[in-house]
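K.L.:
Please find one structure pasted underneath; my questions will follow.
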Amino acid sequence: MPADTAGVPADPDPGTGPEARGERDQPDAEPPEPAGPDPAEAQDTQAAEHDEPAPEPTETAAGRRARYPRAARNVARATTGMAAVLVLGAVLLPDALNELTVTQFVRIPAEALIGTGLVLLLPPRPRRIAAFAGGAVLGLLTVLKCLDMGFYSVLNRPFDPVLDWVLVNDGEEYLKETSGQALAVAALIGAVLLVLVLLVLMTLAVVRMSNVVTRHNVVATRTTLVLGTLWIALAAFGVRISGDPLAAKTTAEQAASHVEQLRASLEDGQKFAKEAAVDPFADVPPDQLLSGLRGKDVIFAFVESYGRSAVESPEMAPQVNAMLADGTRRLQAAGFSSRSAFLTSPTFGGGSWLAHSTFLSGLWIDNQQRYRTVTSSDRLTLTGAFQRADAWRTVGIMPGVIRSWPEGKFYGLDNIYDSDHLGYKGPNFSWSPVPDQFSLEAFQRLEHGKKYDKPLMSEIILVSSHRPWAPIPRTVGWNELGDGSIFNAINKEGKNPDDVWKNSHSVRQEYARSIEYSVNSLVSWVERYGNDNTVLVFLGDHQPTPMVSGQHASHDVPIAIVAHDKDVLDRMSGWGWQDGLQPHPDAPVWRMDTFRNRFLSTYGAKTAP
């Protein structure tokens, strides 16, 4: 056994095993007589004297290999083969599910060539240390790739190892709401075990491959030189297979990307603090805030997952746009006009709270660190401006809030109605605790329908279009809503999420139906309860998951303003927005964080640039 593999069982080798030494072909020889008493006979004698059976002799692993050399060689070869597949597979593994194709794994990885070269060059002790360290690092990078796959498939971005750990808790809560406590706990435990197993197996695999390279160093050297030369030639000529370079450096590029992401995330806190310190409306006197909306009941409504794909995707746009066109006609018949455009959301596929805080704070909030920072500050929000003006009552209808929500103070909301305070006695619709139509009726019953000495500013979150889009509520007569018990039968009639998610077409169809339900509930509410002073601003928070919107979809979401008083819309005539609820492809596109300043300038003090 070579000195550098001490303590590690060596693989039986065809050139050094019993067969190679001719031991199989030698005739059986008579065993020599023992020099002293036979230990086995002495043991049997002692056992007989004490009427106890003799213990079975223990066979060592080396003994089993010597006794079954062919089986040992086959097991060793199979283990080495599996180690090679695991290491090469990890090195070539992409970080997005849509890139997981066979051609990804028939390329030449630069990382494997460099690693083999190091094994051949390093002395024994450093080589062993490098093998263990390299295996652990490759295991961690593989875990990161798996996390990236999940994030790309849902949020259309890679995992941030600094800022995204908080989302683990959100994922667990989502599983609890949709699949139950037991499955959520089992999934968490299973994920932790899988990570640990992967790290151990990857480290052992790299160590084993380093030992194989060391034992066959001549062949390994020649192979590395040939493949290295070929890799350079393929890279120089840009040879590709199915769009991907044959000379691969996938893991190195992904590792470099995560290092850069780590640096940017660590520096982001200071960068954001400087941005948040600048607020052109911080010192505007209350009587100059929103003077153009005095006396109006203003509603800001967020429609969950209402993205640009809903109005432009060939599979979904026909039914959604038909609903928007019908809604525009119905509102016009009720005396309301509307304008629409697009906003670019800071998030995609999830993280609604990041979009809400971006829209209302006028700051770009694209991670949890920024969210915590801004919500613990005294930044003037769009809703908080109504509270500071002291000319409105401010309320929040938050059916998606199921626990304490201290952020309500930051948003300047006097009263907050969460899922426990809307009077709903019906069933959950997967994640959605309360159907949107019931939330709007509760808003009418609890606040809008009451007489006060001040008009009302409201923030309403509509959640029926939240993933998984099954089962979906359906619209019932407003007088039939009661305490929500009517939705029990509707829930039972709805589709099962497992059936819907069997293919992307059915998911898109149900997503479009959920958007129809949510937006139609808003339009119907305005028809029924709107008045001359009603001003409604409603928008999506983010695009749906890439399975619905597509891998290369934008971050844009539709936004519309509805008002009965023409002066409200005349003030925004310079925005260039289009008539109606449906924004066309050439409609203006603003970053979501620019809306607050534009709105406050248009309807109050013209302070912001």
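Chains: A, B, ... in order of the structure tokens. Residues: from 1 per chain. Ligands: from 1, in order shown.
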Leaving out segment 516-526 of chain A and any residue of its chain fewer than 2 positions from it, which residues lie within 10 Å of it when counting only C-alpha atoms, given as a short mmCIF file (atom, residue, chain, number, x, y, z; two decimals) with N, CA, C and O atoms, in the first residue's frame?
P.N.:
```
data_model
loop_
_atom_site.label_atom_id
_atom_site.label_comp_id
_atom_site.auth_asym_id
_atom_site.auth_seq_id
_atom_site.Cartn_x
_atom_site.Cartn_y
_atom_site.Cartn_z
N ALA A 301 -55.18 48.44 -3.77
CA ALA A 301 -55.42 46.99 -3.71
C ALA A 301 -54.34 46.24 -4.48
O ALA A 301 -54.05 46.56 -5.64
N PHE A 302 -53.73 45.26 -3.81
CA PHE A 302 -52.73 44.40 -4.44
C PHE A 302 -53.39 43.08 -4.81
O PHE A 302 -54.01 42.42 -3.97
N VAL A 303 -53.23 42.68 -6.07
CA VAL A 303 -53.76 41.40 -6.54
C VAL A 303 -52.59 40.42 -6.63
O VAL A 303 -51.66 40.62 -7.41
N GLU A 304 -52.64 39.39 -5.82
CA GLU A 304 -51.56 38.42 -5.73
C GLU A 304 -51.24 37.79 -7.10
O GLU A 304 -52.12 37.32 -7.81
N TYR A 306 -50.54 38.85 -9.97
CA TYR A 306 -51.12 39.41 -11.19
C TYR A 306 -49.97 40.03 -12.00
O TYR A 306 -49.56 41.16 -11.76
N ALA A 310 -50.18 37.50 -17.57
CA ALA A 310 -51.63 37.26 -17.58
C ALA A 310 -52.32 37.97 -18.74
O ALA A 310 -53.34 37.50 -19.24
N GLN A 319 -58.64 35.00 -22.21
CA GLN A 319 -59.69 35.02 -21.21
C GLN A 319 -59.52 36.16 -20.20
O GLN A 319 -60.50 36.77 -19.78
N VAL A 320 -58.25 36.49 -19.84
CA VAL A 320 -58.02 37.58 -18.90
C VAL A 320 -58.37 38.93 -19.54
O VAL A 320 -59.04 39.77 -18.92
N ASN A 321 -57.94 39.14 -20.78
CA ASN A 321 -58.22 40.41 -21.45
C ASN A 321 -59.71 40.59 -21.74
O ASN A 321 -60.22 41.71 -21.72
N ALA A 322 -60.39 39.48 -22.01
CA ALA A 322 -61.84 39.57 -22.20
C ALA A 322 -62.51 40.04 -20.91
O ALA A 322 -63.43 40.87 -20.93
N MET A 323 -62.04 39.53 -19.78
CA MET A 323 -62.56 39.97 -18.49
C MET A 323 -62.25 41.44 -18.23
O MET A 323 -63.09 42.21 -17.75
N LEU A 324 -61.03 41.89 -18.57
CA LEU A 324 -60.65 43.29 -18.36
C LEU A 324 -61.46 44.22 -19.26
O LEU A 324 -61.88 45.30 -18.83
N ASP A 326 -64.46 43.61 -20.43
CA ASP A 326 -65.82 43.63 -19.87
C ASP A 326 -65.86 44.49 -18.62
O ASP A 326 -66.83 45.24 -18.40
N GLY A 327 -64.83 44.40 -17.78
CA GLY A 327 -64.78 45.22 -16.57
C GLY A 327 -64.72 46.70 -16.90
O GLY A 327 -65.36 47.53 -16.22
N THR A 328 -63.95 47.06 -17.93
CA THR A 328 -63.88 48.47 -18.34
C THR A 328 -65.26 48.98 -18.76
O THR A 328 -65.67 50.09 -18.38
N ARG A 330 -68.21 47.78 -17.87
CA ARG A 330 -69.10 47.83 -16.71
C ARG A 330 -68.83 49.05 -15.85
O ARG A 330 -69.75 49.69 -15.35
N LEU A 331 -67.55 49.36 -15.67
CA LEU A 331 -67.21 50.54 -14.88
C LEU A 331 -67.66 51.82 -15.58
O LEU A 331 -68.14 52.77 -14.93
N ALA A 334 -71.14 52.46 -14.99
CA ALA A 334 -71.39 52.94 -13.62
C ALA A 334 -70.83 54.34 -13.40
O ALA A 334 -70.90 54.85 -12.28
N PHE A 336 -67.54 55.34 -14.06
CA PHE A 336 -66.12 55.35 -13.71
C PHE A 336 -65.25 55.31 -14.97
O PHE A 336 -65.61 54.68 -15.96
N PRO A 435 -61.63 34.05 0.74
CA PRO A 435 -61.88 34.43 -0.66
C PRO A 435 -61.94 35.95 -0.82
O PRO A 435 -62.41 36.66 0.07
N ASP A 436 -61.48 36.44 -1.95
CA ASP A 436 -61.39 37.88 -2.17
C ASP A 436 -62.75 38.57 -2.08
O ASP A 436 -62.86 39.69 -1.53
N GLN A 437 -63.76 37.95 -2.64
CA GLN A 437 -65.08 38.59 -2.60
C GLN A 437 -65.54 38.79 -1.16
O GLN A 437 -66.10 39.84 -0.81
N PHE A 438 -65.27 37.82 -0.30
CA PHE A 438 -65.65 37.95 1.11
C PHE A 438 -64.83 39.05 1.78
O PHE A 438 -65.35 39.82 2.59
N SER A 439 -63.52 39.14 1.46
CA SER A 439 -62.68 40.19 2.05
C SER A 439 -63.22 41.57 1.70
O SER A 439 -63.26 42.48 2.55
N LEU A 440 -63.66 41.76 0.46
CA LEU A 440 -64.19 43.05 0.03
C LEU A 440 -65.53 43.34 0.69
O LEU A 440 -65.82 44.49 1.06
N GLU A 441 -66.35 42.32 0.85
CA GLU A 441 -67.62 42.52 1.54
C GLU A 441 -67.38 42.85 3.02
O GLU A 441 -68.09 43.69 3.61
N GLN A 444 -66.48 46.41 3.32
CA GLN A 444 -67.68 47.24 3.25
C GLN A 444 -68.42 47.25 4.59
O GLN A 444 -68.85 48.30 5.09
N LEU A 462 -55.51 41.15 -1.86
CA LEU A 462 -56.36 40.08 -2.38
C LEU A 462 -55.48 38.86 -2.63
O LEU A 462 -54.46 38.94 -3.33
N VAL A 463 -55.88 37.72 -2.06
CA VAL A 463 -54.98 36.56 -2.03
C VAL A 463 -55.52 35.32 -2.75
O VAL A 463 -54.84 34.29 -2.78
N SER A 464 -56.70 35.40 -3.34
CA SER A 464 -57.26 34.21 -3.98
C SER A 464 -56.48 33.76 -5.21
O SER A 464 -56.64 32.63 -5.66
N SER A 465 -55.64 34.63 -5.75
CA SER A 465 -54.83 34.26 -6.92
C SER A 465 -53.42 33.81 -6.49
O SER A 465 -52.50 33.83 -7.29
N ILE A 472 -60.24 27.12 -6.59
CA ILE A 472 -60.46 28.55 -6.74
C ILE A 472 -61.91 28.87 -6.36
O ILE A 472 -62.83 28.16 -6.77
N PRO A 473 -62.14 29.93 -5.57
CA PRO A 473 -63.52 30.32 -5.27
C PRO A 473 -64.22 30.78 -6.55
O PRO A 473 -63.58 31.09 -7.56
N ARG A 474 -65.51 30.83 -6.51
CA ARG A 474 -66.27 31.43 -7.61
C ARG A 474 -67.17 32.52 -7.03
O ARG A 474 -67.52 32.51 -5.85
N THR A 475 -67.51 33.47 -7.88
CA THR A 475 -68.32 34.61 -7.45
C THR A 475 -69.74 34.16 -7.15
O THR A 475 -70.35 33.41 -7.91
N VAL A 476 -70.25 34.63 -6.02
CA VAL A 476 -71.65 34.36 -5.65
C VAL A 476 -72.34 35.71 -5.47
O VAL A 476 -71.70 36.77 -5.52
N TRP A 478 -73.69 38.88 -3.76
CA TRP A 478 -73.17 39.58 -2.58
C TRP A 478 -74.06 39.35 -1.36
O TRP A 478 -73.56 39.26 -0.23
N GLU A 510 -55.71 27.49 -14.73
CA GLU A 510 -56.26 27.77 -13.41
C GLU A 510 -55.73 29.09 -12.85
O GLU A 510 -56.44 29.81 -12.16
N TYR A 511 -54.49 29.40 -13.16
CA TYR A 511 -53.96 30.72 -12.76
C TYR A 511 -54.79 31.83 -13.39
O TYR A 511 -55.17 32.81 -12.71
N ALA A 512 -55.06 31.72 -14.69
CA ALA A 512 -55.86 32.75 -15.37
C ALA A 512 -57.25 32.86 -14.74
O ALA A 512 -57.78 33.97 -14.58
N ARG A 513 -57.83 31.74 -14.37
CA ARG A 513 -59.15 31.76 -13.72
C ARG A 513 -59.08 32.49 -12.38
O ARG A 513 -60.02 33.22 -12.02
N SER A 514 -57.98 32.30 -11.65
CA SER A 514 -57.86 32.96 -10.34
C SER A 514 -57.73 34.47 -10.51
O SER A 514 -58.29 35.23 -9.72
N ARG A 528 -71.01 47.93 -7.14
CA ARG A 528 -72.03 47.83 -6.10
C ARG A 528 -71.89 48.92 -5.04
O ARG A 528 -72.89 49.52 -4.61
N TYR A 529 -70.64 49.20 -4.63
CA TYR A 529 -70.45 50.07 -3.47
C TYR A 529 -69.71 51.38 -3.79
O TYR A 529 -69.59 52.24 -2.91
N GLY A 530 -69.17 51.51 -4.99
CA GLY A 530 -68.43 52.73 -5.33
C GLY A 530 -69.35 53.94 -5.40
O GLY A 530 -70.56 53.84 -5.62
N ASN A 531 -68.76 55.14 -5.22
CA ASN A 531 -69.54 56.36 -5.29
C ASN A 531 -68.71 57.46 -5.95
O ASN A 531 -67.62 57.19 -6.47
N THR A 534 -65.00 57.64 -4.88
CA THR A 534 -64.16 56.43 -4.88
C THR A 534 -62.99 56.56 -5.85
O THR A 534 -63.18 56.91 -7.02
N VAL A 535 -61.80 56.27 -5.35
CA VAL A 535 -60.59 56.20 -6.18
C VAL A 535 -59.91 54.86 -5.87
O VAL A 535 -59.54 54.60 -4.72
N LEU A 536 -59.78 54.03 -6.89
CA LEU A 536 -59.20 52.70 -6.71
C LEU A 536 -57.90 52.60 -7.51
O LEU A 536 -57.88 52.86 -8.72
N PHE A 538 -55.29 49.62 -8.28
CA PHE A 538 -55.02 48.20 -8.06
C PHE A 538 -53.92 47.72 -9.01
O PHE A 538 -53.80 48.18 -10.14
N LEU A 539 -53.11 46.80 -8.51
CA LEU A 539 -51.93 46.35 -9.25
C LEU A 539 -51.55 44.94 -8.82
O LEU A 539 -51.98 44.46 -7.77
N VAL A 562 -58.74 53.73 -11.12
CA VAL A 562 -60.17 53.86 -11.43
C VAL A 562 -60.73 54.99 -10.58
O VAL A 562 -60.49 55.05 -9.37
N ALA A 563 -61.48 55.89 -11.20
CA ALA A 563 -62.06 57.02 -10.45
C ALA A 563 -63.36 57.47 -11.10
O ALA A 563 -63.54 57.36 -12.32
N LEU A 581 -58.76 49.16 -18.31
CA LEU A 581 -58.09 48.34 -17.31
C LEU A 581 -56.96 47.51 -17.90
O LEU A 581 -56.10 47.04 -17.16
#
```
K.L.:
For His421 of chain A, work out the shell of residues within 12 Å, counting only C-alpha atoms and skipping chain neighbours fewer than 2 positions away, then give it as number ranges by chain.
P.N.:
A: 396-403, 415-419, 423-425, 433-434, 439, 442-443, 445-446, 483
K.L.:
Go ahead and write the residues just picked, N, CA, C and O atoms, as a JSON list (two decimals), in the first residue's frame.
P.N.:
```json
[["chain", "number", "residue", "atom", "x", "y", "z"],
["A", 396, "GLY", "N", -56.32, 48.69, 7.00],
["A", 396, "GLY", "CA", -55.76, 47.63, 6.17],
["A", 396, "GLY", "C", -56.62, 46.39, 6.25],
["A", 396, "GLY", "O", -56.99, 45.95, 7.34],
["A", 397, "ILE", "N", -56.92, 45.81, 5.10],
["A", 397, "ILE", "CA", -57.63, 44.53, 5.02],
["A", 397, "ILE", "C", -56.58, 43.50, 4.58],
["A", 397, "ILE", "O", -56.14, 43.49, 3.43],
["A", 398, "MET", "N", -56.17, 42.65, 5.52],
["A", 398, "MET", "CA", -55.04, 41.76, 5.32],
["A", 398, "MET", "C", -55.42, 40.29, 5.56],
["A", 398, "MET", "O", -55.07, 39.70, 6.58],
["A", 399, "PRO", "N", -56.16, 39.68, 4.66],
["A", 399, "PRO", "CA", -56.57, 38.28, 4.88],
["A", 399, "PRO", "C", -55.41, 37.30, 4.89],
["A", 399, "PRO", "O", -55.54, 36.19, 5.41],
["A", 400, "GLY", "N", -54.27, 37.69, 4.31],
["A", 400, "GLY", "CA", -53.12, 36.79, 4.31],
["A", 400, "GLY", "C", -52.29, 36.84, 5.57],
["A", 400, "GLY", "O", -51.38, 36.02, 5.74],
["A", 401, "VAL", "N", -52.58, 37.77, 6.47],
["A", 401, "VAL", "CA", -51.84, 37.89, 7.72],
["A", 401, "VAL", "C", -52.45, 36.93, 8.74],
["A", 401, "VAL", "O", -53.62, 37.06, 9.10],
["A", 402, "ILE", "N", -51.66, 35.98, 9.20],
["A", 402, "ILE", "CA", -52.18, 34.96, 10.13],
["A", 402, "ILE", "C", -51.47, 34.99, 11.47],
["A", 402, "ILE", "O", -51.69, 34.13, 12.32],
["A", 403, "ARG", "N", -50.59, 35.98, 11.67],
["A", 403, "ARG", "CA", -49.90, 36.12, 12.95],
["A", 403, "ARG", "C", -49.63, 37.61, 13.19],
["A", 403, "ARG", "O", -50.04, 38.45, 12.38],
["A", 415, "ASN", "N", -56.17, 50.95, 11.70],
["A", 415, "ASN", "CA", -56.83, 49.69, 12.02],
["A", 415, "ASN", "C", -56.44, 48.63, 11.00],
["A", 415, "ASN", "O", -56.40, 48.92, 9.79],
["A", 416, "ILE", "N", -56.16, 47.44, 11.48],
["A", 416, "ILE", "CA", -55.79, 46.33, 10.59],
["A", 416, "ILE", "C", -56.71, 45.15, 10.87],
["A", 416, "ILE", "O", -56.87, 44.73, 12.02],
["A", 417, "TYR", "N", -57.29, 44.62, 9.81],
["A", 417, "TYR", "CA", -58.16, 43.45, 9.92],
["A", 417, "TYR", "C", -57.45, 42.28, 9.24],
["A", 417, "TYR", "O", -57.31, 42.25, 8.02],
["A", 418, "ASP", "N", -56.98, 41.33, 10.06],
["A", 418, "ASP", "CA", -56.32, 40.16, 9.49],
["A", 418, "ASP", "C", -57.34, 39.05, 9.28],
["A", 418, "ASP", "O", -58.55, 39.26, 9.40],
["A", 419, "SER", "N", -56.86, 37.84, 8.98],
["A", 419, "SER", "CA", -57.77, 36.74, 8.63],
["A", 419, "SER", "C", -58.70, 36.36, 9.78],
["A", 419, "SER", "O", -59.77, 35.80, 9.54],
["A", 423, "GLY", "N", -64.50, 37.98, 10.05],
["A", 423, "GLY", "CA", -65.78, 37.31, 10.24],
["A", 423, "GLY", "C", -66.00, 36.12, 9.33],
["A", 423, "GLY", "O", -67.14, 35.67, 9.16],
["A", 424, "TYR", "N", -64.93, 35.58, 8.78],
["A", 424, "TYR", "CA", -65.06, 34.48, 7.82],
["A", 424, "TYR", "C", -65.11, 33.14, 8.53],
["A", 424, "TYR", "O", -64.25, 32.82, 9.35],
["A", 425, "LYS", "N", -66.11, 32.33, 8.22],
["A", 425, "LYS", "CA", -66.29, 31.01, 8.83],
["A", 425, "LYS", "C", -66.19, 29.88, 7.82],
["A", 425, "LYS", "O", -66.50, 28.73, 8.14],
["A", 433, "PRO", "N", -56.54, 32.10, 2.91],
["A", 433, "PRO", "CA", -57.42, 31.89, 4.06],
["A", 433, "PRO", "C", -58.84, 32.41, 3.84],
["A", 433, "PRO", "O", -59.78, 31.88, 4.43],
["A", 434, "VAL", "N", -59.00, 33.46, 3.00],
["A", 434, "VAL", "CA", -60.30, 34.10, 2.82],
["A", 434, "VAL", "C", -60.49, 34.42, 1.33],
["A", 434, "VAL", "O", -59.61, 35.02, 0.71],
["A", 439, "SER", "N", -63.52, 39.14, 1.46],
["A", 439, "SER", "CA", -62.68, 40.19, 2.05],
["A", 439, "SER", "C", -63.22, 41.57, 1.70],
["A", 439, "SER", "O", -63.26, 42.48, 2.55],
["A", 442, "ALA", "N", -66.36, 42.20, 3.62],
["A", 442, "ALA", "CA", -66.02, 42.50, 5.01],
["A", 442, "ALA", "C", -65.52, 43.94, 5.14],
["A", 442, "ALA", "O", -65.83, 44.63, 6.12],
["A", 443, "PHE", "N", -64.76, 44.39, 4.17],
["A", 443, "PHE", "CA", -64.29, 45.78, 4.13],
["A", 443, "PHE", "C", -65.48, 46.74, 4.11],
["A", 443, "PHE", "O", -65.51, 47.75, 4.83],
["A", 445, "ARG", "N", -68.53, 46.06, 5.18],
["A", 445, "ARG", "CA", -69.27, 45.93, 6.44],
["A", 445, "ARG", "C", -68.55, 46.58, 7.61],
["A", 445, "ARG", "O", -69.18, 47.23, 8.46],
["A", 446, "LEU", "N", -67.22, 46.42, 7.67],
["A", 446, "LEU", "CA", -66.46, 46.88, 8.83],
["A", 446, "LEU", "C", -66.06, 48.35, 8.76],
["A", 446, "LEU", "O", -65.92, 49.00, 9.80],
["A", 483, "ASP", "N", -71.62, 34.43, 6.40],
["A", 483, "ASP", "CA", -70.38, 34.28, 7.16],
["A", 483, "ASP", "C", -69.34, 33.46, 6.40],
["A", 483, "ASP", "O", -68.31, 33.07, 6.96]]
```
K.L.:
Per DSSP on the backbone, what are the strand (DSSP E or B) residues of segment 129-270 of chain A, as a VMD selection string?
P.N.:
chain A and resid 240 to 241 244 to 245 247 to 248
K.L.:
May I have the residues from that selection written out with C-alpha atoms, as a tab-separated table (two decimals), in the first residue's frame?
P.N.:
```tsv
chain	number	residue	atom	x	y	z
A	240	ARG	CA	-20.92	23.92	-28.62
A	241	ILE	CA	-23.44	21.15	-28.15
A	244	ASP	CA	-23.66	24.85	-24.41
A	245	PRO	CA	-19.84	24.95	-24.73
A	247	ALA	CA	-15.31	22.98	-22.89
A	248	ALA	CA	-17.27	23.39	-19.65
```
K.L.:
Tell me which of A:Ala136, A:Leu289, A:Ala325, A:Val143 sits closest to Gly384 of chain A, counting only C-alpha atoms.
P.N.:
A:Leu289
K.L.:
Quick one: pull the distance between atom CA of Ser504 of chain A and atom CA of Glu315 of chain A, Å, one decimal.
P.N.:
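Taking atom CA of Ser504 of chain A and atom CA of Glu315 of chain A, their separation equals 10.4 Å.
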K.L.:
Tell me which protein, DNA and RNA residues are within 8 Å of segment 272-277 of chain A, counting only C-alpha atoms, leaving out same-chain ones fewer than 5 positions away, and put them as a PDB file with N, CA and C atoms, in the first residue's frame.
P.N.:
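Output file around21.pdb is given in full below:
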```
ATOM      1  N   LEU A 363     -38.751  52.955  -2.286  1.00  0.00           N
ATOM      2  CA  LEU A 363     -37.389  52.408  -2.272  1.00  0.00           C
ATOM      3  C   LEU A 363     -37.415  51.013  -2.890  1.00  0.00           C
ATOM      4  N   ARG A 370     -33.218  44.483   3.324  1.00  0.00           N
ATOM      5  CA  ARG A 370     -33.770  45.806   3.034  1.00  0.00           C
ATOM      6  C   ARG A 370     -35.167  45.952   3.632  1.00  0.00           C
ATOM      7  N   VAL A 374     -36.130  48.928   6.220  1.00  0.00           N
ATOM      8  CA  VAL A 374     -37.086  49.996   5.918  1.00  0.00           C
ATOM      9  C   VAL A 374     -38.299  49.931   6.837  1.00  0.00           C
ATOM     10  N   ARG A 379     -39.455  55.999   7.587  1.00  0.00           N
ATOM     11  CA  ARG A 379     -39.675  56.391   6.198  1.00  0.00           C
ATOM     12  C   ARG A 379     -41.156  56.667   5.947  1.00  0.00           C
TER      13      ARG A 379
END
```
K.L.:
May I ask for the distance between atom CA of Asn169 of chain A and atom CA of Leu183 of chain A, given in Å to one decimal place?
P.N.:
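Calculated distance between atom CA of Asn169 of chain A and atom CA of Leu183 of chain A is 14.1 Å.
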